[in-house]
Amino acid sequence: MKYALYTGCVSKGGCPELYPASLMVADRLGIELEELHDVGCTGAGVLPQGLSDPINARTFAKAEAMGMPIMTICSTCQGVMTQANHRLTEDPEYREEINRKYLADEGLEYKGTAEIKHLLWVLFEDIGAEKLQAMVQKPLAGLAVSPFYGCYLRRPPEVMTPPGFEKRATYLDDLIKLMGAEFIDIAGKGKCCGFPVLTANEENSLAMAAKHTGEAKEKGADVMVTPCPLCHLNLDGNQPNAEKQVGKEINLPILHLPQFVGLALGMTPSELGLGKHIVSTKVVNAKVEMLS
Amino acid sequence: MPEFDVLVIGGGASGLRAAIAAKEAGASVGLISKAHPLRTHTGLIQGGLNAPLDPDDSPESFAADTMQAGDGLCDSEAVKTFAGEAARDVLWLERAGTPFNRDAQGKLAFRAFGSNSRNRSVFADDRTGHMALQVLYEQLQRARVTAFEEWYVTSLVIEDGACTGALALGLRSGSLEAFSARAVILATGGLGRLYAPSTGSVGTTGDGQSLAYQAGAGLVDMEFVQFHPMIFPAGPGLLITEATLGEGAQLVDAKGAAVDTRGLPRHQLALATQSSNGDSAKIDLRPIGAANIMTRFPQTHELVKAMSGLDVTQEAIPVRPAAHRPMGGIETNASGETSIRGLFAAGECASNGVHGASRMAGNTLTEALVFGRRAGEAAASHARLESRKSVSQSRLGDEENRIQGITGENTSGDTPGKLHAELTALMDQQVGLVRDAAGLDAAIGKIRGLKDRYSRIKIGATTRVFNYGLTGYFEVGAMLTCAELIAVSARQRTETRGAHRRSDFPAKDDANWSAHTTARLVDGSPAVEKKPITAA
Amino acid sequence: MEVTFNAYRREPGEAEYRRGVYKLDLPEDATIMDGMLKIRDEEDPNFAFRGSCLRGYCGDCMMSINGKNTFACTAKVANFMNRPEIALRPIRMVPVIKDLVFDWDAFMWNKIKVLNPWIEPQESTDGVRTVPDKVMADLRNAMSCYYCGLCDEGCTVLPVDMKFLGPAALTKAYRLAADPRDKNPGEHLKMAQQAEGIWDCVHCYEASEHCPRNIGPTERIVQLRDMAFEKGITNERVARHHTSFAASVKASGWLDEARLAIESEGLTNISGLMKLLPIAARAAIKGKAPIPYLHHKRPGAKRITEIFEKGDERGK
């Protein structure tokens, strides 16, 4: 199992703990990675498609040439790239136009065969639940965990969870159970974290962060896990501001997907960079310690 | 008390167009609609609208086709006006933002539709009405017409022989208000709900026809109710547009024989789709091709599936004729003027002689645009000359008392809904596609019986806020009025012509019946007279 | 077919609602609308609900049936017999006026009105402007919206901010902004960018998932944002954010998040920048704060710069 790793910006920027944790967990699971260095930002839904489609086509062409599927560790990167790839594969004329205008100068061509998978999908589709469960060294019994997917990993469904892949919509739920943790379902797990409107409407952005973290807390979750570092930025990084806005303490630690898996594989909170979070992960650390 | 130069009653295509035109002509305009305008029946128009826009088409050719469909009962002057102005009004709708389909060169595409002798209908997939309605409503807002959405008109106000306003119930506020106006335009639409199945939406209850009749106006050619040939019998009846025939769909009659539909006007097509020995006629859309169905008839595909689970790309579906649109209505000239001063009418509630005995597919929306605009302009001109008269408080008080009188504990054993169900059954059987004297006499008797029972009903209204029980009472009253007019007019016309088919008089009788019927309220019941056709 | 309807009933102005329970005998193929009309006709004329076209054309009768948001007129009773009583409720979030009649004005119509929802027609000409059908087909798709409100019902932003214009109104904005016949091009793109407009959308794609007509309201909003990106963003904060984002990716291939945060506030916006300080401080303590402008170019950044430049040329 060898993948071209697309790190995205945030795993090395705003959430620098995500990148090393991802590498460690991949290594433990036997996922070989070759990092894509010479590629650009997906556009993150900010850049217009006219710009982001060529940038993404270039990324796909490079991975295609390497003969490897792309692995992402960010729901937003995954979503934007899957949507771009959908347009580029559905419409060969459009793909040719982009090849001609943007990639040909560099001697690149995107043929339309790239496969792009989030780490969460790789866990279920390439490693498999059974094998994954067998690798668990420290079932996270007693740790109450809520999922938070990030919009882009599940929607639009016809692109993100097409026929044959409907189960992708609940992988995170399944994973929490598989790792032996207590699954705390929340209504907001597929909703928006608020990050995209942090600039345009901070009040709304924080209200969303407070709403979803608050819901998990009320239902008894110790921690929330997310496959999207942008959600992490808002749910964790802005949780103090969100608390201030709604006038109540939430104090819910947020784990990145590989950190959560890493804990079950027997890695320690400090190895996985839990100390770098804004909301203290003390509760998690304590519970995990008790398990050993 | 709201006062306007021009008050328009009805939020469908003709009402919206009339209001915009009156406003642009300088009048202050109010528009009352019992449903939100975007929910009115115009939105159900599918196939397209006609105009001689192709460079090698002509108003004369369009007029000739319209006259041909009208089976000898069109007023040629009205048709000439209609055909001559259609292009300008359809282009207005295009420039205002209607996304009509285009051909490969980006020019307006024309579709084969109904008995047009050439491709003459512009269209927006099979959602032409839905798109046109949105654009008309957009332009209504651009014109800053004051809209009273979800208000129900209970009466017109007639003072000294002139219409000076209307009384209306605000569904949201629950209050009765008097609207004063120098001119009133009725644009309340059709009367499909007299029949079941029909193509009509909930609001097509003949309100305007009934209001005008009660006010003393003449109603012409009420016997002519067009039956659409291709109604899929699901729910209240789902219309399959004739435009499908123009694009390759195959109609098969109840005996299994393919029907050559080319050039057939609707009233003849409707005969071909009657059931026979329990078997149904069928329409097969598959020859159009699945891809074309999805791009040119997406709504048909969606709604047949929603209502029945059937997939028109996979199988033929049963169809039958069902009541569609009236040709008759409030008697008007080409400016929308009725026989009452200050009262105008346009669109389906009106009859100006354009449609004759049978309307051609694609003419309805064009007619609403042309004569809606003309009525709006004429009403604005009229308003300039008319001195202001406000509706008196006593008139409002009388109406309040009338409504009080019908509310209370209902001990009649009847409800408006029950009478409505009985009415639709008898209309379909005895005043439907094929009629005869005995059936019509029986129907007239039954309708009068229903009217009698209706007069004893009371509505147990606890609040007037969104009391559709109360507005439904008025609607059933209007339907009973229209039903009687249709039946007595149909009884009178002893011939078969266009949409009016008498099994006891199966031939056209030009010697006696090259004439309209006009029904008027005389001493509490309708009196029907012959009226000559206006020739060129 | 014996069924029981359990309907939401509430008198105007009253805070409390009650449940109206009605036992009905309906034909096998009856719709929910048939049943409701029967209640109004035969049992209670005061039972209020809307409905117009009766066959799925118009969107007026949208409601929650056994928790599923759908149209009463196309919903077959037989498909909702999984519960002893069929629950009829107003949809999420809407203010109720009476029973199942809710306030469309507040929910949707008023939000469309603030967009100046009309195009300014060109002066009369004899001919018709040539427009590719592809452009018209796109408008037809957007205008197949029947204002049912299900996209707004599914919206993630509205539950935290009812002032947000919402995907239904913004889809209308798209239809207007994308119409090549408008005499004042650009006007509606500006209207769409007003406060509570397209920039407050989180593009979570809930709206598209909820749309029963596959119009893709989220995609329409994204298209409006892309149009604004090309033609000029009129919301100042967003403009700063997007300009900084694009400049960062253009220069280095990647996003300089710290620079983005600062430039989004505006370099001369002292109070805005001060607000960032606690966030930056918290991050610095945890050892996760990237240092603004010390953002190393990635290999191949030059190629990304070229894509931007070509994109610019194409736009001209």
# chains A, B, ... in the order shown; residues from 1 in each chain; ligands from 1
$ interface_residues --of "chain B" --to "chain C" --cutoff "6 Å" --atoms "only C-alpha atoms" --output "VMD selection string"
chain B and resid 39 95 to 96 99 102 106 to 107 138 to 139 201 to 202 307 417 467 469
$ write_last_selection --atoms "C-alpha atoms" --output "compact mmCIF listing (two decimals), in the first residue's frame"
# COMPACT_ATOMS: atom_id res chain seq x y z
CA ARG B 39 -48.11 29.62 -6.51
CA ARG B 95 -36.19 40.67 -22.58
CA ALA B 96 -37.49 40.69 -19.04
CA PRO B 99 -34.82 31.70 -20.30
CA ARG B 102 -32.37 28.46 -27.97
CA GLY B 106 -28.39 30.83 -29.99
CA LYS B 107 -31.61 32.14 -31.51
CA GLU B 138 -39.99 39.95 -10.86
CA GLN B 139 -41.22 42.70 -13.14
CA SER B 201 -54.91 23.90 -9.25
CA VAL B 202 -56.81 24.52 -6.03
CA MET B 307 -47.30 10.83 -8.37
CA GLY B 417 -66.43 20.06 0.37
CA ASN B 467 -59.52 30.22 7.41
CA GLY B 469 -62.82 26.75 5.31
$ interface_residues --of "chain C" --to "chain A" --cutoff "8 Å" --atoms "only C-alpha atoms" --output "mmCIF file with N, CA, C and O atoms, in the first residue's frame"
data_model
loop_
_atom_site.group_PDB
_atom_site.id
_atom_site.type_symbol
_atom_site.label_atom_id
_atom_site.label_comp_id
_atom_site.auth_asym_id
_atom_site.auth_seq_id
_atom_site.Cartn_x
_atom_site.Cartn_y
_atom_site.Cartn_z
ATOM 1 N N THR C 156 -27.102 25.170 7.321
ATOM 2 C CA THR C 156 -26.367 25.119 8.591
ATOM 3 C C THR C 156 -26.286 26.475 9.265
ATOM 4 O O THR C 156 -26.144 26.562 10.477
ATOM 5 N N VAL C 157 -26.340 27.529 8.461
ATOM 6 C CA VAL C 157 -26.144 28.865 9.028
ATOM 7 C C VAL C 157 -27.426 29.386 9.685
ATOM 8 O O VAL C 157 -27.384 29.976 10.768
ATOM 9 N N VAL C 160 -28.185 29.315 13.412
ATOM 10 C CA VAL C 160 -27.482 30.220 14.321
ATOM 11 C C VAL C 160 -27.728 31.683 13.958
ATOM 12 O O VAL C 160 -27.382 32.580 14.716
ATOM 13 N N ASP C 161 -28.317 31.928 12.786
ATOM 14 C CA ASP C 161 -28.506 33.315 12.360
ATOM 15 C C ASP C 161 -29.661 33.400 11.366
ATOM 16 O O ASP C 161 -29.472 33.241 10.164
ATOM 17 N N TRP C 199 -21.270 35.819 1.342
ATOM 18 C CA TRP C 199 -20.045 35.606 2.120
ATOM 19 C C TRP C 199 -20.314 34.998 3.489
ATOM 20 O O TRP C 199 -19.392 34.603 4.187
ATOM 21 N N ASP C 200 -21.571 34.956 3.882
ATOM 22 C CA ASP C 200 -21.905 34.309 5.152
ATOM 23 C C ASP C 200 -22.250 32.833 4.972
ATOM 24 O O ASP C 200 -22.512 32.123 5.934
ATOM 25 N N CYS C 201 -22.241 32.390 3.736
ATOM 26 C CA CYS C 201 -22.498 30.963 3.469
ATOM 27 C C CYS C 201 -21.242 30.176 3.816
ATOM 28 O O CYS C 201 -20.127 30.613 3.532
ATOM 29 N N VAL C 202 -21.425 29.033 4.440
ATOM 30 C CA VAL C 202 -20.257 28.217 4.804
ATOM 31 C C VAL C 202 -19.994 27.126 3.761
ATOM 32 O O VAL C 202 -19.181 26.240 3.976
ATOM 33 N N HIS C 203 -20.685 27.179 2.653
ATOM 34 C CA HIS C 203 -20.613 26.173 1.593
ATOM 35 C C HIS C 203 -20.448 24.743 2.133
ATOM 36 O O HIS C 203 -19.524 24.027 1.783
ATOM 37 N N CYS C 204 -21.377 24.364 2.974
ATOM 38 C CA CYS C 204 -21.333 23.024 3.577
ATOM 39 C C CYS C 204 -22.062 21.998 2.703
ATOM 40 O O CYS C 204 -22.070 20.821 3.017
ATOM 41 N N TYR C 205 -22.721 22.455 1.642
ATOM 42 C CA TYR C 205 -23.440 21.590 0.685
ATOM 43 C C TYR C 205 -24.694 20.933 1.258
ATOM 44 O O TYR C 205 -25.272 20.042 0.647
ATOM 45 N N GLU C 206 -25.124 21.382 2.438
ATOM 46 C CA GLU C 206 -26.398 20.867 2.967
ATOM 47 C C GLU C 206 -27.543 21.287 2.042
ATOM 48 O O GLU C 206 -28.455 20.513 1.764
ATOM 49 N N SER C 208 -27.610 21.831 -1.119
ATOM 50 C CA SER C 208 -27.678 21.012 -2.331
ATOM 51 C C SER C 208 -28.223 19.629 -2.019
ATOM 52 O O SER C 208 -28.959 19.051 -2.805
ATOM 53 N N GLU C 209 -27.848 19.123 -0.863
ATOM 54 C CA GLU C 209 -28.335 17.795 -0.498
ATOM 55 C C GLU C 209 -29.844 17.821 -0.258
ATOM 56 O O GLU C 209 -30.533 16.846 -0.512
ATOM 57 N N ARG C 225 -19.654 33.445 -5.801
ATOM 58 C CA ARG C 225 -18.391 33.856 -5.165
ATOM 59 C C ARG C 225 -17.263 33.869 -6.183
ATOM 60 O O ARG C 225 -16.414 34.771 -6.170
ATOM 61 N N ASP C 226 -17.270 32.882 -7.065
ATOM 62 C CA ASP C 226 -16.248 32.863 -8.109
ATOM 63 C C ASP C 226 -16.399 34.080 -9.034
ATOM 64 O O ASP C 226 -15.412 34.699 -9.440
ATOM 65 N N PHE C 229 -15.067 36.980 -7.244
ATOM 66 C CA PHE C 229 -13.608 36.921 -7.201
ATOM 67 C C PHE C 229 -13.034 37.509 -8.489
ATOM 68 O O PHE C 229 -12.065 38.254 -8.481
ATOM 69 N N ARG C 237 -13.960 43.087 4.128
ATOM 70 C CA ARG C 237 -13.215 42.084 4.899
ATOM 71 C C ARG C 237 -12.927 40.855 4.039
ATOM 72 O O ARG C 237 -11.822 40.325 4.035
ATOM 73 N N VAL C 238 -13.978 40.432 3.329
ATOM 74 C CA VAL C 238 -13.818 39.240 2.501
ATOM 75 C C VAL C 238 -12.819 39.508 1.383
ATOM 76 O O VAL C 238 -11.992 38.661 1.052
ATOM 77 N N HIS C 241 -9.436 39.142 2.753
ATOM 78 C CA HIS C 241 -9.154 37.735 3.012
ATOM 79 C C HIS C 241 -8.813 37.009 1.716
ATOM 80 O O HIS C 241 -7.824 36.296 1.626
ATOM 81 N N HIS C 242 -9.644 37.213 0.702
ATOM 82 C CA HIS C 242 -9.444 36.489 -0.546
ATOM 83 C C HIS C 242 -8.208 36.971 -1.282
ATOM 84 O O HIS C 242 -7.494 36.187 -1.881
ATOM 85 N N PHE C 245 -5.302 35.482 0.518
ATOM 86 C CA PHE C 245 -5.250 34.047 0.264
ATOM 87 C C PHE C 245 -4.639 33.789 -1.116
ATOM 88 O O PHE C 245 -3.698 33.014 -1.284
ATOM 89 N N ALA C 246 -5.189 34.504 -2.102
ATOM 90 C CA ALA C 246 -4.722 34.294 -3.471
ATOM 91 C C ALA C 246 -3.262 34.723 -3.613
ATOM 92 O O ALA C 246 -2.463 34.040 -4.260
ATOM 93 N N VAL C 249 -1.008 32.015 -2.107
ATOM 94 C CA VAL C 249 -0.895 30.811 -2.931
ATOM 95 C C VAL C 249 -0.153 31.126 -4.220
ATOM 96 O O VAL C 249 0.691 30.357 -4.683
ATOM 97 N N GLY C 253 2.683 28.990 -3.667
ATOM 98 C CA GLY C 253 2.014 27.728 -3.930
ATOM 99 C C GLY C 253 1.142 27.298 -2.763
ATOM 100 O O GLY C 253 0.272 26.461 -2.894
ATOM 101 N N TRP C 254 1.395 27.900 -1.597
ATOM 102 C CA TRP C 254 0.680 27.484 -0.391
ATOM 103 C C TRP C 254 0.125 28.664 0.345
ATOM 104 O O TRP C 254 0.411 29.804 0.046
ATOM 105 N N LEU C 255 -0.631 28.312 1.373
ATOM 106 C CA LEU C 255 -1.292 29.336 2.161
ATOM 107 C C LEU C 255 -0.440 29.695 3.368
ATOM 108 O O LEU C 255 0.032 28.822 4.103
ATOM 109 N N ASP C 256 -0.224 31.009 3.551
ATOM 110 C CA ASP C 256 0.449 31.505 4.753
ATOM 111 C C ASP C 256 -0.661 31.920 5.714
ATOM 112 O O ASP C 256 -1.227 33.003 5.615
ATOM 113 N N GLU C 257 -1.003 31.005 6.625
ATOM 114 C CA GLU C 257 -2.192 31.234 7.449
ATOM 115 C C GLU C 257 -2.083 32.445 8.360
ATOM 116 O O GLU C 257 -3.044 33.166 8.579
ATOM 117 N N SER C 264 -6.530 39.696 6.592
ATOM 118 C CA SER C 264 -7.990 39.695 6.563
ATOM 119 C C SER C 264 -8.539 40.794 7.455
ATOM 120 O O SER C 264 -9.541 41.420 7.152
ATOM 121 N N GLU C 265 -7.872 41.008 8.580
ATOM 122 C CA GLU C 265 -8.320 42.088 9.459
ATOM 123 C C GLU C 265 -8.023 43.436 8.816
ATOM 124 O O GLU C 265 -8.719 44.418 9.059
ATOM 125 N N ILE C 279 -5.363 35.065 20.348
ATOM 126 C CA ILE C 279 -5.356 33.804 19.602
ATOM 127 C C ILE C 279 -3.916 33.415 19.286
ATOM 128 O O ILE C 279 -3.478 32.284 19.521
ATOM 129 N N ARG C 282 -2.099 32.364 22.522
ATOM 130 C CA ARG C 282 -2.463 31.006 22.939
ATOM 131 C C ARG C 282 -1.744 29.980 22.074
ATOM 132 O O ARG C 282 -1.229 28.984 22.559
ATOM 133 N N ALA C 283 -1.711 30.256 20.765
ATOM 134 C CA ALA C 283 -1.086 29.321 19.836
ATOM 135 C C ALA C 283 0.419 29.259 20.085
ATOM 136 O O ALA C 283 1.029 28.186 20.075
ATOM 137 N N LYS C 286 1.461 27.124 22.941
ATOM 138 C CA LYS C 286 1.367 25.702 22.637
ATOM 139 C C LYS C 286 2.372 25.267 21.568
ATOM 140 O O LYS C 286 2.385 24.124 21.152
ATOM 141 N N GLY C 287 3.117 26.247 21.086
ATOM 142 C CA GLY C 287 4.143 25.897 20.093
ATOM 143 C C GLY C 287 3.581 25.547 18.738
ATOM 144 O O GLY C 287 4.141 24.756 17.993
ATOM 145 N N LYS C 288 2.416 26.153 18.397
ATOM 146 C CA LYS C 288 1.848 25.798 17.099
ATOM 147 C C LYS C 288 1.672 26.996 16.177
ATOM 148 O O LYS C 288 1.112 26.868 15.110
ATOM 149 N N ALA C 289 2.148 28.191 16.630
ATOM 150 C CA ALA C 289 1.872 29.349 15.793
ATOM 151 C C ALA C 289 2.882 29.485 14.673
ATOM 152 O O ALA C 289 4.077 29.596 14.914
ATOM 153 N N PRO C 290 2.423 29.474 13.436
ATOM 154 C CA PRO C 290 3.354 29.751 12.356
ATOM 155 C C PRO C 290 3.683 31.240 12.363
ATOM 156 O O PRO C 290 2.875 32.054 12.778
ATOM 157 N N ARG C 298 7.308 26.660 -1.687
ATOM 158 C CA ARG C 298 7.469 25.234 -1.944
ATOM 159 C C ARG C 298 8.088 25.058 -3.320
ATOM 160 O O ARG C 298 7.993 25.961 -4.157
ATOM 161 N N PRO C 299 8.662 23.899 -3.559
ATOM 162 C CA PRO C 299 9.174 23.662 -4.913
ATOM 163 C C PRO C 299 8.011 23.815 -5.889
ATOM 164 O O PRO C 299 6.873 23.478 -5.552
ATOM 165 N N GLY C 300 8.279 24.291 -7.025
ATOM 166 C CA GLY C 300 7.214 24.394 -8.030
ATOM 167 C C GLY C 300 6.328 25.606 -7.855
ATOM 168 O O GLY C 300 5.371 25.781 -8.585
ATOM 169 N N ALA C 301 6.654 26.466 -6.882
ATOM 170 C CA ALA C 301 5.816 27.640 -6.659
ATOM 171 C C ALA C 301 5.708 28.489 -7.923
ATOM 172 O O ALA C 301 4.680 29.088 -8.207
ATOM 173 N N ILE C 304 2.878 27.463 -10.029
ATOM 174 C CA ILE C 304 1.576 27.917 -9.519
ATOM 175 C C ILE C 304 1.379 29.396 -9.869
ATOM 176 O O ILE C 304 0.299 29.816 -10.292
ATOM 177 N N ILE C 307 0.171 29.630 -13.287
ATOM 178 C CA ILE C 307 -1.258 29.302 -13.447
ATOM 179 C C ILE C 307 -2.104 30.537 -13.126
ATOM 180 O O ILE C 307 -3.041 30.869 -13.842
ATOM 181 N N PHE C 308 -1.727 31.242 -12.068
ATOM 182 C CA PHE C 308 -2.454 32.470 -11.727
ATOM 183 C C PHE C 308 -2.371 33.482 -12.867
ATOM 184 O O PHE C 308 -3.351 34.112 -13.238
ATOM 185 N N LYS C 310 -1.812 32.956 -16.031
ATOM 186 C CA LYS C 310 -2.603 32.521 -17.187
ATOM 187 C C LYS C 310 -4.099 32.726 -16.914
ATOM 188 O O LYS C 310 -4.849 33.113 -17.785
ATOM 189 N N GLY C 311 -4.469 32.435 -15.671
ATOM 190 C CA GLY C 311 -5.873 32.627 -15.279
ATOM 191 C C GLY C 311 -6.265 34.085 -15.443
ATOM 192 O O GLY C 311 -7.345 34.406 -15.927
#
$ select_by_dssp --residues "segment 55-176 of chain C" --states "strand (DSSP E or B)" --output "count of residues only"
18
$ atom_distance --atom1 "atom CA of Leu5 of chain A" --atom2 "atom CA of Ala63 of chain A"
9.2 Å
$ select_by_dssp --residues "segment 178-353 of chain B" --states "alpha helix (DSSP H)" --output "JSON, numbers by chain"
{"B": [207, 208, 209, 210, 211, 212, 213, 214, 243, 244, 245, 246, 266, 267, 268, 269, 270, 271, 272, 290, 291, 292, 293, 294, 295, 296, 298, 299, 300, 301, 302, 303, 304, 305, 306, 307, 308]}
$ atom_distance --atom1 "atom CA of Thr40 of chain B" --atom2 "atom CA of Gly11 of chain B"
6.6 Å
$ residues_around --residues "segment 118-122 of chain A" --least-positions-apart "3" --cutoff "6 Å" --atoms "only C-alpha atoms" --output "NGL selection string"
:A and (71-73 or 125-126)
$ atom_distance --atom1 "atom CA of Ala181 of chain B" --atom2 "atom CA of Val6 of chain B"
5.6 Å
$ residues_around --residues "Thr199 of chain B" --least-positions-apart "2" --cutoff "7 Å" --atoms "only C-alpha atoms" --output "ChimeraX atom specification"
/B:192,201,237-239,323-324
$ residues_around --residues "Lys219 of chain A" --least-positions-apart "3" --cutoff "8 Å" --atoms "only C-alpha atoms" --output "MDAnalysis selection string"
chainID A and resid 184 186 215:216
$ residues_around --residues "Gly114 of chain B" --least-positions-apart "3" --cutoff "7 Å" --atoms "only C-alpha atoms" --output "ChimeraX atom specification"
/B:242-243,263,265,360-361
$ write_last_selection --atoms "C-alpha atoms" --output "mmCIF file, in the first residue's frame"
data_model
loop_
_atom_site.group_PDB
_atom_site.id
_atom_site.type_symbol
_atom_site.label_atom_id
_atom_site.label_comp_id
_atom_site.auth_asym_id
_atom_site.auth_seq_id
_atom_site.Cartn_x
_atom_site.Cartn_y
_atom_site.Cartn_z
ATOM 1 C CA GLU B 242 -49.030 18.027 -26.280
ATOM 2 C CA ALA B 243 -45.536 19.302 -27.028
ATOM 3 C CA GLY B 263 -52.783 19.109 -37.064
ATOM 4 C CA PRO B 265 -57.109 20.480 -32.614
ATOM 5 C CA MET B 360 -55.168 26.276 -29.750
ATOM 6 C CA ALA B 361 -52.335 24.847 -27.697
#
$ closest_residue --among "B:Glu247, B:Asp221, B:Glu484, B:Glu315" --to "Gly449 of chain B" --atoms "only C-alpha atoms"
B:Glu484
$ residues_around --residues "Cys211 of chain C" --least-positions-apart "3" --cutoff "10 Å" --atoms "only C-alpha atoms" --output "list in words"
Cys145, Cys148, Gly149, Leu150, Cys151, Asp152, Glu153, Gly154, Pro167, Ala168, Glu206, Ala207, Ser208, Asn214, Ile215, Gly216, Pro217 and Thr218 of chain C
$ decode --residues "segment 232-237 of chain C" --atoms "all heavy atoms" --output "compact mmCIF listing (two decimals), in the first residue's frame"
# COMPACT_ATOMS: atom_id res chain seq x y z
N GLY C 232 -14.60 41.46 -8.80
CA GLY C 232 -14.40 42.43 -7.72
C GLY C 232 -15.31 42.13 -6.54
O GLY C 232 -16.52 42.20 -6.66
N ILE C 233 -14.67 41.81 -5.41
CA ILE C 233 -15.43 41.52 -4.20
C ILE C 233 -15.78 42.84 -3.54
O ILE C 233 -14.91 43.69 -3.35
CB ILE C 233 -14.60 40.62 -3.26
CG1 ILE C 233 -14.32 39.28 -3.95
CG2 ILE C 233 -15.29 40.42 -1.92
CD1 ILE C 233 -13.34 38.38 -3.23
N THR C 234 -17.06 43.03 -3.22
CA THR C 234 -17.47 44.31 -2.66
C THR C 234 -17.57 44.30 -1.14
O THR C 234 -17.80 45.33 -0.54
CB THR C 234 -18.80 44.77 -3.27
OG1 THR C 234 -19.76 43.73 -3.11
CG2 THR C 234 -18.65 45.09 -4.74
N ASN C 235 -17.41 43.13 -0.53
CA ASN C 235 -17.38 43.07 0.94
C ASN C 235 -15.91 43.23 1.37
O ASN C 235 -15.07 42.40 1.03
CB ASN C 235 -17.95 41.71 1.39
CG ASN C 235 -17.87 41.52 2.89
OD1 ASN C 235 -16.85 41.78 3.52
ND2 ASN C 235 -18.96 41.05 3.47
N GLU C 236 -15.61 44.31 2.07
CA GLU C 236 -14.21 44.66 2.31
C GLU C 236 -13.40 43.60 3.04
O GLU C 236 -12.29 43.27 2.63
CB GLU C 236 -14.14 45.95 3.13
CG GLU C 236 -14.16 47.20 2.27
CD GLU C 236 -14.01 48.45 3.11
OE1 GLU C 236 -13.12 48.46 3.98
OE2 GLU C 236 -14.81 49.38 2.90
N ARG C 237 -13.96 43.09 4.13
CA ARG C 237 -13.21 42.08 4.90
C ARG C 237 -12.93 40.85 4.04
O ARG C 237 -11.82 40.32 4.03
CB ARG C 237 -14.03 41.65 6.12
CG ARG C 237 -13.95 42.59 7.29
CD ARG C 237 -14.77 42.05 8.45
NE ARG C 237 -14.19 40.80 8.97
CZ ARG C 237 -13.22 40.78 9.86
NH1 ARG C 237 -12.69 41.88 10.30
NH2 ARG C 237 -12.76 39.63 10.31
